[in-house]
Amino acid sequence: MTIFSKMGIIDTGIEIVPVKRFADEMSTGVSYFEQFAWDLHHRGESNIDIPVLILGVDA
């Protein structure tokens, strides 16, 4: 999303990802809500960040 923000195309983002239980039923390499939220919380803020809404979906 950072690339599109720098180009002036977007100013916010929406990520729709499965929760872990649902991701376990999908192909390998699928990111899941709990990991995504943990990563964002623990990495801290950056001057290139934009507001993002993360939605976790389940089957």
# chains A, B, ... in the order shown; residues from 1 in each chain; ligands from 1
>>> select_by_dssp(residues="chain A", states="strand (DSSP E or B)", output="PyMOL selection string")
chain A and resi 13-18+52-57
>>> write_last_selection(atoms="C-alpha atoms", output="PDB file, in the first residue's frame")
ATOM      1  CA  GLY A  13      -6.211   0.802   3.099  1.00  0.00           C
ATOM      2  CA  ILE A  14      -8.385  -2.203   3.840  1.00  0.00           C
ATOM      3  CA  GLU A  15      -6.930  -5.679   4.363  1.00  0.00           C
ATOM      4  CA  ILE A  16      -9.319  -8.631   4.382  1.00  0.00           C
ATOM      5  CA  VAL A  17      -7.608 -11.760   5.689  1.00  0.00           C
ATOM      6  CA  PRO A  18      -8.757 -15.080   7.141  1.00  0.00           C
ATOM      7  CA  VAL A  52      -5.439   0.521   7.557  1.00  0.00           C
ATOM      8  CA  LEU A  53      -8.599  -1.362   8.535  1.00  0.00           C
ATOM      9  CA  ILE A  54      -7.931  -5.077   9.012  1.00  0.00           C
ATOM     10  CA  LEU A  55     -10.912  -7.412   8.757  1.00  0.00           C
ATOM     11  CA  GLY A  56     -10.587 -11.060   9.809  1.00  0.00           C
ATOM     12  CA  VAL A  57     -13.035 -13.494   8.210  1.00  0.00           C
TER      13      VAL A  57
END
>>> select_by_dssp(residues="chain A", states="alpha helix (DSSP H)", output="MDAnalysis selection string")
chainID A and resid 2:6 20:23 33:43
>>> atom_distance(atom1="atom CA of Ser27 of chain A", atom2="atom CA of Phe4 of chain A")
27.3 Å
>>> closest_residue(among="A:Phe36, A:Asp58, A:Ser5, A:Asp11", to="Ala23 of chain A", atoms="only C-alpha atoms")
A:Asp58
>>> residues_around(residues="Ile48 of chain A", least_positions_apart="6", cutoff="10 Å", atoms="only C-alpha atoms", output="ChimeraX atom specification")
/A:1-3,5-6
>>> closest_residue(among="A:Asp49, A:Glu25, A:Val19, A:Thr12", to="Ala37 of chain A", atoms="only C-alpha atoms")
A:Val19
>>> atom_distance(atom1="atom CA of Ala59 of chain A", atom2="atom CA of His41 of chain A")
25.2 Å
